[in-house]
Amino acid sequence: MAQAGEVDSEFLIAEAALALSQVAFDRAELVLACRQLLEHRPASGPLVWLAARMVSGADPYLDGVDASESIRRDKTPRELHAAIADGSRVVIAGAPELSSRVLADRADLTVLVVDGNGDGQGLVHRLAVADHDVEDVPVAALASAVASADLVLLEAEALGPDAALAPVGSLAAATAGSSLGCPVWMVAGVGRKLPAGMWSLLTQQLVTSTPWRQTVEVVPLEFCDRLVTPAGLQPVTQAAVGSDCPLVPELFR
């Protein structure tokens with residue numbers, strides 16, 4: 001399951017919770033199983049969140065069920081849908097999970113897709129088939145696209161107190177937006193927000209000497225204007241508060 005490629009978080013967490021429930025009442029086995037899943041999906045904030053809740057909870061099975069339901073009921077797409085002004089021209093990096101759902105429902109928007117990972121082509125095709133106004137923007141033209149846009153919309157795989165892990169291309173989009181005066185929003189759904197200790201452990205595992213070869217990158221929140229969370233549109237300072245992910249260092253080798 002964890003090696004099955006890019007799947008949405010709802011499916012990933014439901015399948016992971018089911019798999020982990022098989023060893024839920026043997027803590028040593030549960031920790032080992034969580035580590036193995038995280039090795040295959042090292043940048044997934046929701047998977048870290050699920051593992052931490054199940055390992056630290058009094059009833060791992062029920063914690064897994066609750067986490068799955070929380071992901072399924074995530075209000076972030078609804079809040080994002082309501083927050084984007086009618087007729088906006090929006091720049092996105094790749095094909096972010098939650099944002100893509102919203103963009104597919106908003107035929108009034110013009111969507112400029114900057115494809116850093118090679119996964120944006122599918123989104124461009126889906127929107128074009130649905131008769132949406134969408135453009136596939138070359139990476140070299142990213143700044144020009146941002147200069148013409150009303151909003152840069154990025155999405156966190158995981159969110160820390162002062163930065164986010166987001167698809168490659170997001171850092172360039174964020175810095176361009178910040179420099180050119182285009183608002184930059186970071187979308188962070190259920191399970192993405194991590195406390196400082198877990199964020200530090202997660203990002204330490206992802207640091208390499210060739211970050212340009214990775215599929216995710218660290219985006220400092222200083223380049224962002226707002227967060228979009230299940231609680232709605234918020235200031236970026238809210239990234240440092242309110243995480244319900246326990247601190248469980250043993251999840252990381």
# chains A, B, ... in the order shown; residues from 1 in each chain; ligands from 1
$ select_by_dssp --residues "range 28-213 of chain A" --states "alpha helix (DSSP H)" --output "ChimeraX atom specification"
/A:28-40,45-56,60-72,76-83,97-105,120-129,142-147,170-180,196-206
$ closest_residue --among "A:Ala130, A:Val146, A:Leu151, A:Ala141" --to "Asp86 in chain A" --atoms "only C-alpha atoms"
A:Leu151
$ closest_residue --among "A:Ala19, A:Val190, A:Phe252, A:Thr76" --to "Leu206 in chain A" --atoms "only C-alpha atoms"
A:Phe252
$ residues_around --residues "Thr203 in chain A" --least-positions-apart "5" --cutoff "12 Å" --atoms "only C-alpha atoms" --output "PyMOL selection string"
chain A and resi 42-45+48+157-160+163-166+194+196-198+208+211+216-219+252
$ write_last_selection --atoms "C-alpha atoms" --output "compact mmCIF listing (two decimals), in the first residue's frame"
# COMPACT_ATOMS: atom_id res chain seq x y z
CA PRO A 42 8.81 10.01 4.32
CA ALA A 43 7.23 13.38 3.48
CA SER A 44 3.64 12.53 4.44
CA GLY A 45 2.50 14.66 7.35
CA VAL A 48 3.37 10.85 10.68
CA GLU A 157 2.51 17.75 2.63
CA ALA A 158 3.50 18.63 6.19
CA LEU A 159 3.44 21.94 8.07
CA GLY A 160 5.88 23.03 10.78
CA ALA A 163 7.87 26.28 7.15
CA ALA A 164 6.08 23.69 5.04
CA LEU A 165 7.04 20.68 2.97
CA ALA A 166 5.46 21.19 -0.45
CA LEU A 194 3.12 19.00 13.18
CA ALA A 196 8.11 21.64 16.41
CA GLY A 197 9.72 18.43 17.68
CA MET A 198 8.08 16.18 15.09
CA THR A 208 20.16 15.60 1.40
CA PRO A 211 17.72 18.83 -2.64
CA VAL A 216 9.31 18.01 -2.05
CA GLU A 217 11.06 21.07 -0.70
CA VAL A 218 10.97 23.27 2.39
CA VAL A 219 9.04 26.52 1.90
CA PHE A 252 12.25 8.18 13.43
$ select_by_dssp --residues "range 42-153 of chain A" --states "strand (DSSP E or B)" --output "PyMOL selection string"
chain A and resi 89-93+110-114+133-137+151-153
$ write_last_selection --atoms "C-alpha atoms" --output "PDB file, in the first residue's frame"
ATOM      1  CA  ARG A  89      -6.310  33.731 -11.835  1.00  0.00           C
ATOM      2  CA  VAL A  90      -4.533  31.139  -9.704  1.00  0.00           C
ATOM      3  CA  VAL A  91      -0.996  29.732  -9.970  1.00  0.00           C
ATOM      4  CA  ILE A  92      -0.357  26.271  -8.501  1.00  0.00           C
ATOM      5  CA  ALA A  93       2.675  23.971  -8.405  1.00  0.00           C
ATOM      6  CA  THR A 110      -8.226  30.585 -14.533  1.00  0.00           C
ATOM      7  CA  VAL A 111      -5.670  28.017 -13.409  1.00  0.00           C
ATOM      8  CA  LEU A 112      -1.964  28.290 -14.301  1.00  0.00           C
ATOM      9  CA  VAL A 113      -0.252  24.978 -13.554  1.00  0.00           C
ATOM     10  CA  VAL A 114       3.529  25.047 -13.104  1.00  0.00           C
ATOM     11  CA  ASP A 133      -9.709  27.796 -18.305  1.00  0.00           C
ATOM     12  CA  VAL A 134      -6.346  26.143 -17.624  1.00  0.00           C
ATOM     13  CA  GLU A 135      -2.794  26.643 -18.868  1.00  0.00           C
ATOM     14  CA  ASP A 136       0.298  24.455 -18.605  1.00  0.00           C
ATOM     15  CA  VAL A 137       3.020  26.960 -17.684  1.00  0.00           C
ATOM     16  CA  LEU A 151      -3.171  34.233  -6.111  1.00  0.00           C
ATOM     17  CA  VAL A 152      -0.394  31.669  -5.674  1.00  0.00           C
ATOM     18  CA  LEU A 153      -1.902  28.547  -4.143  1.00  0.00           C
TER      19      LEU A 153
END
$ closest_residue --among "A:Ala156, A:Val124, A:Val207, A:Leu30" --to "Gly57 in chain A" --atoms "only C-alpha atoms"
A:Leu30
$ closest_residue --among "A:Val168, A:Ala33, A:Ala85, A:Ala95" --to "Gly116 in chain A" --atoms "only C-alpha atoms"
A:Val168
$ atom_distance --atom1 "CA of Leu109 in chain A" --atom2 "CA of Ala143 in chain A"
19.2 Å
$ residues_around --residues "Leu38 in chain A" --least-positions-apart "5" --cutoff "12 Å" --atoms "only C-alpha atoms" --output "PDB file with N, CA and C atoms, in the first residue's frame"
ATOM      1  N   MET A   1       0.827  -1.205   0.000  1.00  0.00           N
ATOM      2  CA  MET A   1       0.000   0.000   0.000  1.00  0.00           C
ATOM      3  C   MET A   1       0.865   1.261   0.000  1.00  0.00           C
ATOM      4  N   ALA A   2       1.879   1.310   0.878  1.00  0.00           N
ATOM      5  CA  ALA A   2       2.694   2.510   0.969  1.00  0.00           C
ATOM      6  C   ALA A   2       3.554   2.713  -0.257  1.00  0.00           C
ATOM      7  N   GLN A   3       3.756   1.635  -1.081  1.00  0.00           N
ATOM      8  CA  GLN A   3       4.576   1.744  -2.270  1.00  0.00           C
ATOM      9  C   GLN A   3       3.733   1.901  -3.531  1.00  0.00           C
ATOM     10  N   LEU A  12      -4.802   6.668   1.776  1.00  0.00           N
ATOM     11  CA  LEU A  12      -3.554   6.298   2.435  1.00  0.00           C
ATOM     12  C   LEU A  12      -3.751   6.071   3.927  1.00  0.00           C
ATOM     13  N   ILE A  13      -4.415   6.995   4.596  1.00  0.00           N
ATOM     14  CA  ILE A  13      -4.579   6.897   6.042  1.00  0.00           C
ATOM     15  C   ILE A  13      -5.537   5.766   6.402  1.00  0.00           C
ATOM     16  N   ALA A  16      -3.495   2.591   5.890  1.00  0.00           N
ATOM     17  CA  ALA A  16      -2.427   2.496   6.887  1.00  0.00           C
ATOM     18  C   ALA A  16      -2.995   2.164   8.263  1.00  0.00           C
ATOM     19  N   VAL A  31       5.488   0.193  16.537  1.00  0.00           N
ATOM     20  CA  VAL A  31       6.518   1.185  16.215  1.00  0.00           C
ATOM     21  C   VAL A  31       7.298   0.762  14.973  1.00  0.00           C
ATOM     22  N   LEU A  32       7.676  -0.512  14.910  1.00  0.00           N
ATOM     23  CA  LEU A  32       8.418  -1.024  13.762  1.00  0.00           C
ATOM     24  C   LEU A  32       7.596  -0.886  12.471  1.00  0.00           C
ATOM     25  N   ALA A  33       6.318  -1.233  12.549  1.00  0.00           N
ATOM     26  CA  ALA A  33       5.455  -1.137  11.368  1.00  0.00           C
ATOM     27  C   ALA A  33       5.298   0.319  10.929  1.00  0.00           C
ATOM     28  N   ALA A  43       7.650  11.985   3.418  1.00  0.00           N
ATOM     29  CA  ALA A  43       7.226  13.380   3.478  1.00  0.00           C
ATOM     30  C   ALA A  43       5.754  13.546   3.839  1.00  0.00           C
ATOM     31  N   SER A  44       5.079  12.462   4.183  1.00  0.00           N
ATOM     32  CA  SER A  44       3.640  12.530   4.440  1.00  0.00           C
ATOM     33  C   SER A  44       3.339  12.961   5.869  1.00  0.00           C
ATOM     34  N   GLY A  45       2.913  14.196   6.033  1.00  0.00           N
ATOM     35  CA  GLY A  45       2.500  14.665   7.347  1.00  0.00           C
ATOM     36  C   GLY A  45       1.358  13.843   7.931  1.00  0.00           C
ATOM     37  N   PRO A  46       0.305  13.541   7.142  1.00  0.00           N
ATOM     38  CA  PRO A  46      -0.787  12.740   7.685  1.00  0.00           C
ATOM     39  C   PRO A  46      -0.348  11.363   8.179  1.00  0.00           C
ATOM     40  N   LEU A  47       0.626  10.748   7.518  1.00  0.00           N
ATOM     41  CA  LEU A  47       1.088   9.433   7.955  1.00  0.00           C
ATOM     42  C   LEU A  47       1.874   9.541   9.264  1.00  0.00           C
ATOM     43  N   VAL A  48       2.684  10.593   9.404  1.00  0.00           N
ATOM     44  CA  VAL A  48       3.374  10.845  10.678  1.00  0.00           C
ATOM     45  C   VAL A  48       2.350  11.059  11.787  1.00  0.00           C
ATOM     46  N   TRP A  49       1.342  11.854  11.494  1.00  0.00           N
ATOM     47  CA  TRP A  49       0.283  12.177  12.457  1.00  0.00           C
ATOM     48  C   TRP A  49      -0.460  10.917  12.893  1.00  0.00           C
ATOM     49  N   LEU A  50      -0.835  10.080  11.929  1.00  0.00           N
ATOM     50  CA  LEU A  50      -1.514   8.826  12.252  1.00  0.00           C
ATOM     51  C   LEU A  50      -0.644   7.931  13.126  1.00  0.00           C
ATOM     52  N   ALA A  51       0.616   7.740  12.723  1.00  0.00           N
ATOM     53  CA  ALA A  51       1.510   6.865  13.468  1.00  0.00           C
ATOM     54  C   ALA A  51       1.717   7.365  14.888  1.00  0.00           C
ATOM     55  N   ALA A  52       1.910   8.656  15.040  1.00  0.00           N
ATOM     56  CA  ALA A  52       2.133   9.225  16.376  1.00  0.00           C
ATOM     57  C   ALA A  52       0.912   9.038  17.266  1.00  0.00           C
ATOM     58  N   LEU A 202      11.187  15.063  11.215  1.00  0.00           N
ATOM     59  CA  LEU A 202      10.785  14.731   9.858  1.00  0.00           C
ATOM     60  C   LEU A 202      11.712  15.375   8.836  1.00  0.00           C
ATOM     61  N   GLN A 205      15.267  13.951   8.412  1.00  0.00           N
ATOM     62  CA  GLN A 205      15.344  12.727   7.627  1.00  0.00           C
ATOM     63  C   GLN A 205      15.349  13.003   6.125  1.00  0.00           C
ATOM     64  N   LEU A 206      14.806  14.143   5.725  1.00  0.00           N
ATOM     65  CA  LEU A 206      14.662  14.439   4.309  1.00  0.00           C
ATOM     66  C   LEU A 206      15.809  15.263   3.744  1.00  0.00           C
ATOM     67  N   GLU A 250      10.526   8.084  18.720  1.00  0.00           N
ATOM     68  CA  GLU A 250      10.954   6.749  18.294  1.00  0.00           C
ATOM     69  C   GLU A 250      10.399   6.340  16.932  1.00  0.00           C
ATOM     70  N   LEU A 251       9.525   7.134  16.357  1.00  0.00           N
ATOM     71  CA  LEU A 251       9.067   6.845  15.005  1.00  0.00           C
ATOM     72  C   LEU A 251      10.165   7.060  13.970  1.00  0.00           C
ATOM     73  N   PHE A 252      11.156   7.838  14.346  1.00  0.00           N
ATOM     74  CA  PHE A 252      12.246   8.177  13.429  1.00  0.00           C
ATOM     75  C   PHE A 252      13.525   7.499  13.891  1.00  0.00           C
ATOM     76  N   ARG A 253      14.191   6.846  12.995  1.00  0.00           N
ATOM     77  CA  ARG A 253      15.427   6.125  13.350  1.00  0.00           C
ATOM     78  C   ARG A 253      16.551   7.108  13.617  1.00  0.00           C
TER      79      ARG A 253
END
$ closest_residue --among "A:Ser68, A:Ser56, A:Ser99, A:Ser9" --to "Ala83 in chain A" --atoms "only C-alpha atoms"
A:Ser99
$ decode --residues "range 62-213 of chain A" --atoms "C-alpha atoms" --output "short mmCIF file (atom, residue, chain, number, x, y, z; two decimals), in the first residue's frame"
data_model
loop_
_atom_site.label_atom_id
_atom_site.label_comp_id
_atom_site.auth_asym_id
_atom_site.auth_seq_id
_atom_site.Cartn_x
_atom_site.Cartn_y
_atom_site.Cartn_z
CA LEU A 62 -9.77 3.50 17.93
CA ASP A 63 -7.16 6.21 17.36
CA GLY A 64 -6.64 4.86 13.84
CA VAL A 65 -10.37 4.85 13.14
CA ASP A 66 -10.72 8.38 14.47
CA ALA A 67 -7.79 9.60 12.35
CA SER A 68 -9.31 8.07 9.22
CA GLU A 69 -12.64 9.74 9.91
CA SER A 70 -10.97 13.09 10.58
CA ILE A 71 -9.20 12.95 7.20
CA ARG A 72 -12.45 11.94 5.47
CA ARG A 73 -14.34 14.87 7.03
CA ASP A 74 -11.60 17.43 6.35
CA LYS A 75 -13.22 20.86 5.93
CA THR A 76 -10.17 22.43 4.30
CA PRO A 77 -11.43 22.10 0.69
CA ARG A 78 -14.73 23.72 1.66
CA GLU A 79 -12.93 26.61 3.37
CA LEU A 80 -10.61 27.07 0.39
CA HIS A 81 -13.54 27.03 -2.03
CA ALA A 82 -15.21 29.83 -0.09
CA ALA A 83 -12.03 31.90 0.28
CA ILE A 84 -10.97 32.21 -3.37
CA ALA A 85 -12.52 35.25 -5.01
CA ASP A 86 -14.71 34.74 -8.07
CA GLY A 87 -12.88 34.93 -11.38
CA SER A 88 -9.40 34.72 -9.87
CA ARG A 89 -6.31 33.73 -11.84
CA VAL A 90 -4.53 31.14 -9.70
CA VAL A 91 -1.00 29.73 -9.97
CA ILE A 92 -0.36 26.27 -8.50
CA ALA A 93 2.67 23.97 -8.40
CA GLY A 94 1.99 20.44 -9.64
CA ALA A 95 -1.30 18.76 -8.77
CA PRO A 96 -1.88 19.32 -5.05
CA GLU A 97 -4.49 16.96 -3.60
CA LEU A 98 -6.94 19.22 -1.78
CA SER A 99 -6.49 22.27 -3.98
CA SER A 100 -7.09 20.23 -7.13
CA ARG A 101 -10.51 19.18 -5.82
CA VAL A 102 -11.48 22.79 -5.31
CA LEU A 103 -10.14 23.97 -8.66
CA ALA A 104 -12.12 21.22 -10.39
CA ASP A 105 -15.29 22.66 -8.81
CA ARG A 106 -14.55 26.28 -9.74
CA ALA A 107 -15.09 26.76 -13.45
CA ASP A 108 -14.92 30.53 -12.93
CA LEU A 109 -11.18 30.40 -12.17
CA THR A 110 -8.23 30.58 -14.53
CA VAL A 111 -5.67 28.02 -13.41
CA LEU A 112 -1.96 28.29 -14.30
CA VAL A 113 -0.25 24.98 -13.55
CA VAL A 114 3.53 25.05 -13.10
CA ASP A 115 4.62 21.43 -13.39
CA GLY A 116 7.72 20.82 -11.29
CA ASN A 117 7.34 17.08 -10.64
CA GLY A 118 5.71 15.96 -13.85
CA ASP A 119 2.39 15.33 -12.08
CA GLY A 120 0.69 18.52 -13.23
CA GLN A 121 -0.12 17.20 -16.71
CA GLY A 122 -2.93 15.04 -15.39
CA LEU A 123 -4.57 18.00 -13.66
CA VAL A 124 -4.25 20.16 -16.77
CA HIS A 125 -5.93 17.42 -18.80
CA ARG A 126 -8.77 16.91 -16.29
CA LEU A 127 -9.54 20.61 -16.12
CA ALA A 128 -9.32 21.05 -19.88
CA VAL A 129 -11.69 18.15 -20.50
CA ALA A 130 -14.13 19.75 -18.06
CA ASP A 131 -13.89 22.97 -20.12
CA HIS A 132 -12.06 24.94 -17.44
CA ASP A 133 -9.71 27.80 -18.31
CA VAL A 134 -6.35 26.14 -17.62
CA GLU A 135 -2.79 26.64 -18.87
CA ASP A 136 0.30 24.45 -18.60
CA VAL A 137 3.02 26.96 -17.68
CA PRO A 138 6.70 26.16 -18.39
CA VAL A 139 8.85 26.33 -15.26
CA ALA A 140 10.96 29.01 -16.91
CA ALA A 141 7.87 31.24 -17.16
CA LEU A 142 6.82 30.79 -13.52
CA ALA A 143 7.63 34.37 -12.50
CA SER A 144 5.71 35.77 -15.47
CA ALA A 145 2.71 33.64 -14.56
CA VAL A 146 2.84 34.82 -10.95
CA ALA A 147 3.14 38.45 -12.06
CA SER A 148 -0.15 38.07 -13.95
CA ALA A 149 -1.97 36.13 -11.22
CA ASP A 150 -4.30 37.07 -8.37
CA LEU A 151 -3.17 34.23 -6.11
CA VAL A 152 -0.39 31.67 -5.67
CA LEU A 153 -1.90 28.55 -4.14
CA LEU A 154 0.50 26.05 -2.56
CA GLU A 155 -0.19 22.92 -0.53
CA ALA A 156 1.71 21.43 2.40
CA GLU A 157 2.51 17.75 2.63
CA ALA A 158 3.50 18.63 6.19
CA LEU A 159 3.44 21.94 8.07
CA GLY A 160 5.88 23.03 10.78
CA PRO A 161 5.89 26.14 12.97
CA ASP A 162 7.72 28.27 10.40
CA ALA A 163 7.87 26.28 7.15
CA ALA A 164 6.08 23.69 5.04
CA LEU A 165 7.04 20.68 2.97
CA ALA A 166 5.46 21.19 -0.45
CA PRO A 167 5.88 19.83 -3.99
CA VAL A 168 9.01 20.94 -5.83
CA GLY A 169 8.37 24.25 -7.56
CA SER A 170 6.52 25.61 -4.55
CA LEU A 171 9.54 27.48 -3.17
CA ALA A 172 10.08 29.30 -6.47
CA ALA A 173 6.36 30.11 -6.67
CA ALA A 174 6.31 31.39 -3.09
CA THR A 175 9.38 33.59 -3.51
CA ALA A 176 8.05 34.95 -6.80
CA GLY A 177 4.72 35.76 -5.21
CA SER A 178 6.37 37.44 -2.23
CA SER A 179 8.64 39.51 -4.47
CA LEU A 180 5.96 40.49 -6.97
CA GLY A 181 3.20 41.30 -4.49
CA CYS A 182 0.93 38.39 -5.40
CA PRO A 183 -0.75 36.82 -2.33
CA VAL A 184 0.61 33.37 -1.45
CA TRP A 185 -1.61 30.91 0.44
CA MET A 186 -0.42 27.63 1.93
CA VAL A 187 -3.10 24.94 2.19
CA ALA A 188 -2.69 22.59 5.16
CA GLY A 189 -5.43 20.01 5.66
CA VAL A 190 -6.11 17.66 8.56
CA GLY A 191 -3.02 15.82 9.77
CA ARG A 192 -0.52 18.15 8.11
CA LYS A 193 0.27 20.41 11.07
CA LEU A 194 3.12 19.00 13.18
CA PRO A 195 4.58 20.27 16.47
CA ALA A 196 8.11 21.64 16.41
CA GLY A 197 9.72 18.43 17.68
CA MET A 198 8.08 16.18 15.09
CA TRP A 199 8.64 18.72 12.30
CA SER A 200 12.36 18.84 13.13
CA LEU A 201 12.69 15.05 13.14
CA LEU A 202 10.78 14.73 9.86
CA THR A 203 12.78 17.35 7.98
CA GLN A 204 16.11 16.04 9.30
CA GLN A 205 15.34 12.73 7.63
CA LEU A 206 14.66 14.44 4.31
CA VAL A 207 17.77 16.63 4.16
CA THR A 208 20.16 15.60 1.40
CA SER A 209 23.12 17.17 -0.38
CA THR A 210 21.07 17.29 -3.62
CA PRO A 211 17.72 18.83 -2.64
CA TRP A 212 16.98 19.68 -6.29
CA ARG A 213 16.45 15.95 -6.94
#
